[in-house]
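Written out below as structure tokens is the structure these notes cover.
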Amino acid sequence: MRTVTPGQLAQLQGNPKNVRNICILAHVDHGKTTLADVLVASNGVISKRLAGKLRYLDSRADEQIRGITMKSSAISLQFQKESEDYLVNLIDSPGHVDFSSEVSTAVRLCDGAVVVVDVVEGVCPQTHAVLRQAWLENIKPVLVLNKVDRLITELKNSPMEAHLVLQQVLEQVNSVMGNHFSTDVMKKGTTEDSSSDVKEPATEDHVFDYSLELDHTDDSNLYFSPEQGNVVFASAIDGWGFRLEHFAKQYASKLNIKEEILQKVLWGDFYVHSKTKRVMKGAQAKGKKPLFVQFVLENVWAVYDAVLVRRDKEKVEKIVKSLNVTLSARDARHNDPRVLLQAVCGQWLPLSEAVLAMTVDQLPSPLQISPEKVEHLMCQTAQRFDSLPQPTQKLKEDFLMCSAEDSAPVIVFISKMFSVDSKALPHNRPRPLTQEEIEQKRELARERHQEKLAALSNQTLVPQQEQAAEENGIGGLQAQVLKSATVSSTIACPAFSPVYLDAAPIVRVAVEPKHAGDMSALMRGLRLLNQADPSVEVLVQESGEHVLVTAGEVHLQRCLDDLIQRFAKIELNVSDPMVPFRETIIPPPKVDMVNEVIDHDTNRITKSGKDATEKKIKWGGSILLQTPNKVCSLKVRAMPLPEDISNLLEDNADLLRTLDRITKSSGDISHHQAERAKVTAETLNRLTELKSTLEAKFAQAGRHYRDAIDQIWAFGPRRNGPNILLNRVAGYQRPSVWDCIDQGEVKSAAQFRHFDHAIGSGFQLATLAGPLCEEPLMGVCFVVEEWTMHGQLSEKRQPKSDDTLTNDSSNAAVSFEEEIQVTRTVEESMSPSHTDTSDTVGVSMSPRSHFLSRVHRLSQGVDEDSQSSGEDSDREAAESDFMDRHGPFTGQLISTMKEACRQAFQKHPQRLMAAMYTCDIQATADVLGKMYAVLGRKNGKVLKEDMNESLSVFSIKAALPVAESFGFAEEIRKRTSGLASPQLVFSHWEVVNSDPFWEPITEEELMHFGEKADSENQGRLYMNSVRRRKGLYVDEKIVEHAEKQRTLTKNK
């Protein structure tokens, strides 16, 4: 074991050709940190005996307690191969799903990844996630099949059985890579086919053949294959690992076969003919031992059998002698056979040498960065690279050259911010001081010490001079950088594309200091935490609460610990977790609570049960509301949106955001064409595909959604949500939201009626906060059926010009009868006896004559909706014209539209939608019943159950409400004695079946539930908890029919 000094590492940084920037990716507990310990021990940083026990890169106390990695840690290692030195910058990333943002930031900094898979558990959900992240960032992965020792010690597999298990796991990993590859190829093929200059005429037989595109695309370097040298078979806990190259060198001379040929046939269906000593194919069909079993696995099994199972000292001595291994006296006489096993295997098959050699041979250097990755970094997903300015496009060549010359531009991507004490920085480490330095230190000690935020830093070294393609730490950026940033010496460099975050934050808590005087410390701590954690969100609600939004329960606990111990350093009061819900409507139910068919024509009984009344339930219908000044009326209907349509809109929120950006520029044709030119052909093709898919789903939804694709007014909330506003106003043909992708140019903006934006704004407000508990809506379609402007206000106002001013009186003013009609309408709306039907409250009042004159002028027409400056001034003038005691007319229309949507929503059966986790659990048959009991108490339901016959382990996939998930992992580990550990990933939104407002109506319901109907209603519990938290009115009785308690005997 050699020791590497920081000076040697700094010297290696000057040669980018011999630099490898890699990260370790895996599912939780698959052996990432143990593998990192072995690699760190190879440079003499820690002892080889402590590898796997020390967990060197898990520097946090809670990481050591929980036994999982919670933050990415980096270190630089030296590796020598064939008398050439290499520098490997290694990042160990977490495997828990709550910390997937740490994986995203680590992957962005690297050129290659080491994917670790447990051969017993196989491909797990987080393995899929890390492979997808590596694919999206265009980095090359290599594979380590870890924990091979479990096949020997736990499962008692023979070498032949272990060979089959290894083949199955390798096929699983390659199938994941194949899915990503085929999806990407078909997407590119579709884009190229749709954007080609010369298109074939559309015929019935003309169909794009995706199989040809897959055949013509090179995938030779895509899959993991041991004969290619990108797979290592290992046991990190025992410190050994190998590639086929190791055994090919060993047996090439014995079998008289070239090393290159032997390496290709060691893995596969090949065997050695006993008589001819030639390598033949068809081992499985002929019942022969494959070469991998005969020459590799049987040798490994023999070592384990002699050292660990039988503990045969004589056989151990023969093995040590044959392998030419040197054992120390301490290892030879140690009572623990595992120590002897690690000493033998660590010298025979050194794991660090196998992994680092694979890294150097298979993974690219910074000089070999692909052009696709450069374009991905410099432009957004929906943006074309050739739409960037010419100086920006020239930076691509500088990226590929990776030059460290003074004339080359300097570009630094800050992937992650984190807090580190100034004392922990390498240049602040204690060393012997002179007397003068002691005096200076005495003066500096009086200054206040503060924490410094730095980019993802090297824990072993922070170099004074940065080289090209290096990972370094930069201090003093806390005032300029929030979470990530791009720093460049040239203004032509754009900000890098945002980091892909796999897990969205969903769990919220409100925090406040125990002592009011510590509020400033809490604010500072929240600011530091927001900068240091990539996925955490810090919000300040309207009520003044400071809310912390995290990715899960474990992530929440880590953030609170950081806030209390490191950032704020104060005591906190933390609220119960706040889980978001969604509000929706459903079709009228066909059965009641006792599974009786509902007949709406039968008599209903009131809750008291005394009087039988004919109470027919009628769902649906339209809502007709007028603005407070009676100038405008709206008729709105609500309909439940089919589930597949709402899911489609939610999954394509990024496309809807792009569509909204293009549509906003529709008023200015030149601006619109410039915005559209920035969008990639792939994005336009996806938008076209989204439209066609929506059109097909609308056609399947029934007659209510006929021609709905061209009637879409807006999406909401926030203009990209899973709710739709349809325009079915007679005589109003507004431009379609799809015009930008259908024709490349939008229709004339004159087709928009004035106040069109007010209708859309009211819809956005209504979908942002529903009537149940002020949560966003989901899966609701609102239809505007009538939009009437009373008193000749529906006509267009003519544009202002000199010709208009000199026009005749028939075009300059309304007739006397029309003026009387408008005056009567306004007088009725302003009369004291008038009662408003809207909740809007007036905020100002103008003189009656002034108002009548303004209405008189505006009744000539309505402004068109445009974004030019002259038309904007006309619109502002028109809005100011409608000023009366109820306030600006735009505000009245927004409020009326919002209230109409809420009332139309309430005319349907209302339900809450709960956020759901997908829960993956692996458990043995002994604890299966206990695990199901915990799932039942938490309102979870099992979706799928598979059994791994080779392991006798059940793999259960269940759905669990996020609101019920707190304490679930701890309880299930406690009930199963640690034999089952769940992995929770946010999956979807699901309707809560119970009606929050349900009351017994029929005789059967009254008989079953009683008059009070005080049984548990999950929907009502969720709704009341959210309303209580938000300070809204909660309709509940605390005490009913209270009686005085009497004791049977006197207290003596």
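Letters A, B, ... go to the chains of the structure tokens in the order shown; residues in each chain start at 1; ligands are counted from 1 in the same order.
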Determine, counting only C-alpha atoms, which protein, DNA and RNA residues have an atom within 12 Å of an atom of Tyr1033 of chain A; residues of the same chain fewer than 5 positions away are not included. Present the result as a JSON list (two decimals) with N, CA and C atoms, in the first residue's frame.
[["chain", "number", "residue", "atom", "x", "y", "z"],
["A", 771, "PRO", "N", -62.67, 24.58, -3.89],
["A", 771, "PRO", "CA", -63.59, 24.91, -2.79],
["A", 771, "PRO", "C", -63.50, 23.97, -1.59],
["A", 772, "LEU", "N", -62.95, 22.76, -1.75],
["A", 772, "LEU", "CA", -62.91, 21.82, -0.63],
["A", 772, "LEU", "C", -61.97, 22.29, 0.46],
["A", 773, "CYS", "N", -60.72, 22.48, 0.11],
["A", 773, "CYS", "CA", -59.73, 22.92, 1.11],
["A", 773, "CYS", "C", -58.64, 23.76, 0.49],
["A", 774, "GLU", "N", -58.97, 24.53, -0.53],
["A", 774, "GLU", "CA", -58.05, 25.47, -1.17],
["A", 774, "GLU", "C", -56.81, 24.77, -1.74],
["A", 1023, "MET", "N", -59.75, 16.32, 4.48],
["A", 1023, "MET", "CA", -60.21, 17.68, 4.19],
["A", 1023, "MET", "C", -60.17, 18.56, 5.43],
["A", 1024, "ASN", "N", -60.66, 18.04, 6.56],
["A", 1024, "ASN", "CA", -60.68, 18.84, 7.78],
["A", 1024, "ASN", "C", -59.28, 19.14, 8.29],
["A", 1025, "SER", "N", -58.36, 18.19, 8.14],
["A", 1025, "SER", "CA", -56.99, 18.45, 8.60],
["A", 1025, "SER", "C", -56.35, 19.57, 7.79],
["A", 1026, "VAL", "N", -56.59, 19.59, 6.48],
["A", 1026, "VAL", "CA", -56.02, 20.65, 5.64],
["A", 1026, "VAL", "C", -56.70, 21.98, 5.94],
["A", 1027, "ARG", "N", -58.01, 21.98, 6.08],
["A", 1027, "ARG", "CA", -58.72, 23.23, 6.38],
["A", 1027, "ARG", "C", -58.31, 23.78, 7.75],
["A", 1028, "ARG", "N", -58.14, 22.90, 8.71],
["A", 1028, "ARG", "CA", -57.73, 23.35, 10.04],
["A", 1028, "ARG", "C", -56.32, 23.95, 10.00]]
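Neighbouring residues of Gly929 of chain A at 12 Å or closer, counting only C-alpha atoms and skipping chain neighbours under 4 positions away, are A:Ala923, A:Thr924, A:Ala925, A:Ala933, A:Val934, A:Leu935, A:Gly936, A:Phe954, A:Ile972, A:Arg975, A:Thr976, A:Ala980.
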Now that the selection is made, can you save its residues with C-alpha atoms as a PDB file, in the first residue's frame?
ATOM      1  CA  ALA A 923     -39.142  -9.809   2.549  1.00  0.00           C
ATOM      2  CA  THR A 924     -38.938 -13.478   3.421  1.00  0.00           C
ATOM      3  CA  ALA A 925     -41.984 -15.686   3.929  1.00  0.00           C
ATOM      4  CA  ALA A 933     -50.469  -5.980   8.678  1.00  0.00           C
ATOM      5  CA  VAL A 934     -48.427  -2.768   8.682  1.00  0.00           C
ATOM      6  CA  LEU A 935     -49.512  -2.014   5.092  1.00  0.00           C
ATOM      7  CA  GLY A 936     -53.165  -2.485   6.066  1.00  0.00           C
ATOM      8  CA  PHE A 954     -40.830 -12.118  -2.013  1.00  0.00           C
ATOM      9  CA  ILE A 972     -42.062  -2.101   9.234  1.00  0.00           C
ATOM     10  CA  ARG A 975     -42.223  -5.409  13.169  1.00  0.00           C
ATOM     11  CA  THR A 976     -40.082  -7.563  10.878  1.00  0.00           C
ATOM     12  CA  ALA A 980     -37.861  -5.933   5.408  1.00  0.00           C
TER      13      ALA A 980
END
* For the atom pair atom CA of Arg973 of chain A and atom CA of Met931 of chain A, what is the interatomic distance in Å to one decimal place? ->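 So the two atoms, atom CA of Arg973 of chain A and atom CA of Met931 of chain A, lie 8.9 Å apart.
Picture a line from atom CA of Glu583 of chain A to atom CA of Gly779 of chain A; it runs 8.4 Å.
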* Asked: Could you name the residues that touch segment 537-547 of chain A at 10 Å or less, counting only C-alpha atoms, but leaving out those on the same chain fewer than 2 positions away, as a PyMOL selection string?
  -> chain A and resi 505-506+508-512+522-523+526-527+529-531+533-535+549-551+574-575+578+1030-1031
* Looking at A:Asp651, A:Asp62, A:Asp739, A:Asp92, which one is nearest to Gln565 of chain A, with distances taken over only C-alpha atoms? ->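 Looking at the shortest contact to Gln565 of chain A, the residue is A:Asp62.
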* Tell me which protein, DNA and RNA residues are within 10 Å of Tyr223 of chain A, counting only C-alpha atoms, leaving out same-chain ones fewer than 3 positions away, and put them as a ChimeraX atom specification. => /A:141-143,170-171,173-178,181,219-220,226,228,230
* To do: Would you mind listing what lies within 9 Å of Ile319 of chain A as a list in words, with only C-alpha atoms counted and same-chain residues fewer than 3 positions away left out?
  =>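 Here the answer would be Ala302, Val303, Ala306, Glu314, Lys315, Val316, Ser322, Leu323, Asn324, Val325 and Val344 of chain A.
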* **Near-segment 756-760 of chain A list (7 Å; only C-alpha atoms; drop same-chain fewer than 4 positions) as a PyMOL selection string** => chain A and resi 714+752+764+890+893-894+897
* To do: Extract, using only C-alpha atoms, all DNA, RNA and protein residues at most 8 Å from Val231 of chain A, discarding same-chain residues fewer than 6 positions from it, and format them as a ChimeraX atom specification.
  => /A:142-145,224-225,243,358
Residues from the last selection, N, CA, C and O atoms, saved as a PDB file, in the first residue's frame:
ATOM      1  N   VAL A 142     -19.839   1.738 -16.526  1.00  0.00           N
ATOM      2  CA  VAL A 142     -19.267   0.402 -16.434  1.00  0.00           C
ATOM      3  C   VAL A 142     -19.932  -0.289 -15.253  1.00  0.00           C
ATOM      4  O   VAL A 142     -20.526   0.360 -14.385  1.00  0.00           O
ATOM      5  N   LEU A 143     -19.845  -1.616 -15.197  1.00  0.00           N
ATOM      6  CA  LEU A 143     -20.651  -2.396 -14.258  1.00  0.00           C
ATOM      7  C   LEU A 143     -19.766  -3.166 -13.296  1.00  0.00           C
ATOM      8  O   LEU A 143     -18.744  -3.751 -13.688  1.00  0.00           O
ATOM      9  N   VAL A 144     -20.178  -3.165 -12.018  1.00  0.00           N
ATOM     10  CA  VAL A 144     -19.560  -3.996 -10.988  1.00  0.00           C
ATOM     11  C   VAL A 144     -20.655  -4.872 -10.395  1.00  0.00           C
ATOM     12  O   VAL A 144     -21.594  -4.370  -9.769  1.00  0.00           O
ATOM     13  N   LEU A 145     -20.556  -6.182 -10.631  1.00  0.00           N
ATOM     14  CA  LEU A 145     -21.490  -7.141 -10.037  1.00  0.00           C
ATOM     15  C   LEU A 145     -20.948  -7.512  -8.667  1.00  0.00           C
ATOM     16  O   LEU A 145     -19.993  -8.309  -8.544  1.00  0.00           O
ATOM     17  N   PHE A 224     -23.292  -4.037 -21.424  1.00  0.00           N
ATOM     18  CA  PHE A 224     -22.237  -4.531 -20.546  1.00  0.00           C
ATOM     19  C   PHE A 224     -21.916  -5.973 -20.947  1.00  0.00           C
ATOM     20  O   PHE A 224     -22.813  -6.826 -20.993  1.00  0.00           O
ATOM     21  N   SER A 225     -20.653  -6.229 -21.202  1.00  0.00           N
ATOM     22  CA  SER A 225     -20.233  -7.558 -21.631  1.00  0.00           C
ATOM     23  C   SER A 225     -18.880  -7.862 -21.011  1.00  0.00           C
ATOM     24  O   SER A 225     -17.923  -7.094 -21.203  1.00  0.00           O
ATOM     25  N   ARG A 243     -11.619  -9.008 -13.572  1.00  0.00           N
ATOM     26  CA  ARG A 243     -12.151  -9.007 -14.928  1.00  0.00           C
ATOM     27  C   ARG A 243     -11.662 -10.279 -15.625  1.00  0.00           C
ATOM     28  O   ARG A 243     -10.740 -10.945 -15.154  1.00  0.00           O
ATOM     29  N   MET A 358     -10.312  -0.947 -15.054  1.00  0.00           N
ATOM     30  CA  MET A 358     -11.494  -0.847 -15.916  1.00  0.00           C
ATOM     31  C   MET A 358     -11.865   0.615 -16.153  1.00  0.00           C
ATOM     32  O   MET A 358     -12.258   0.995 -17.263  1.00  0.00           O
TER      33      MET A 358
END
* Structure fact -> In Å and to one decimal, atom CA of Tyr86 of chain A is distant from atom CA of Ala485 of chain A by 29.1 Å
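Considering the residues A:Pro722, A:Pro577, A:Pro888, A:Gly122 and counting only C-alpha atoms, Pro628 of chain A has its shortest atom-to-atom contact with A:Pro888.
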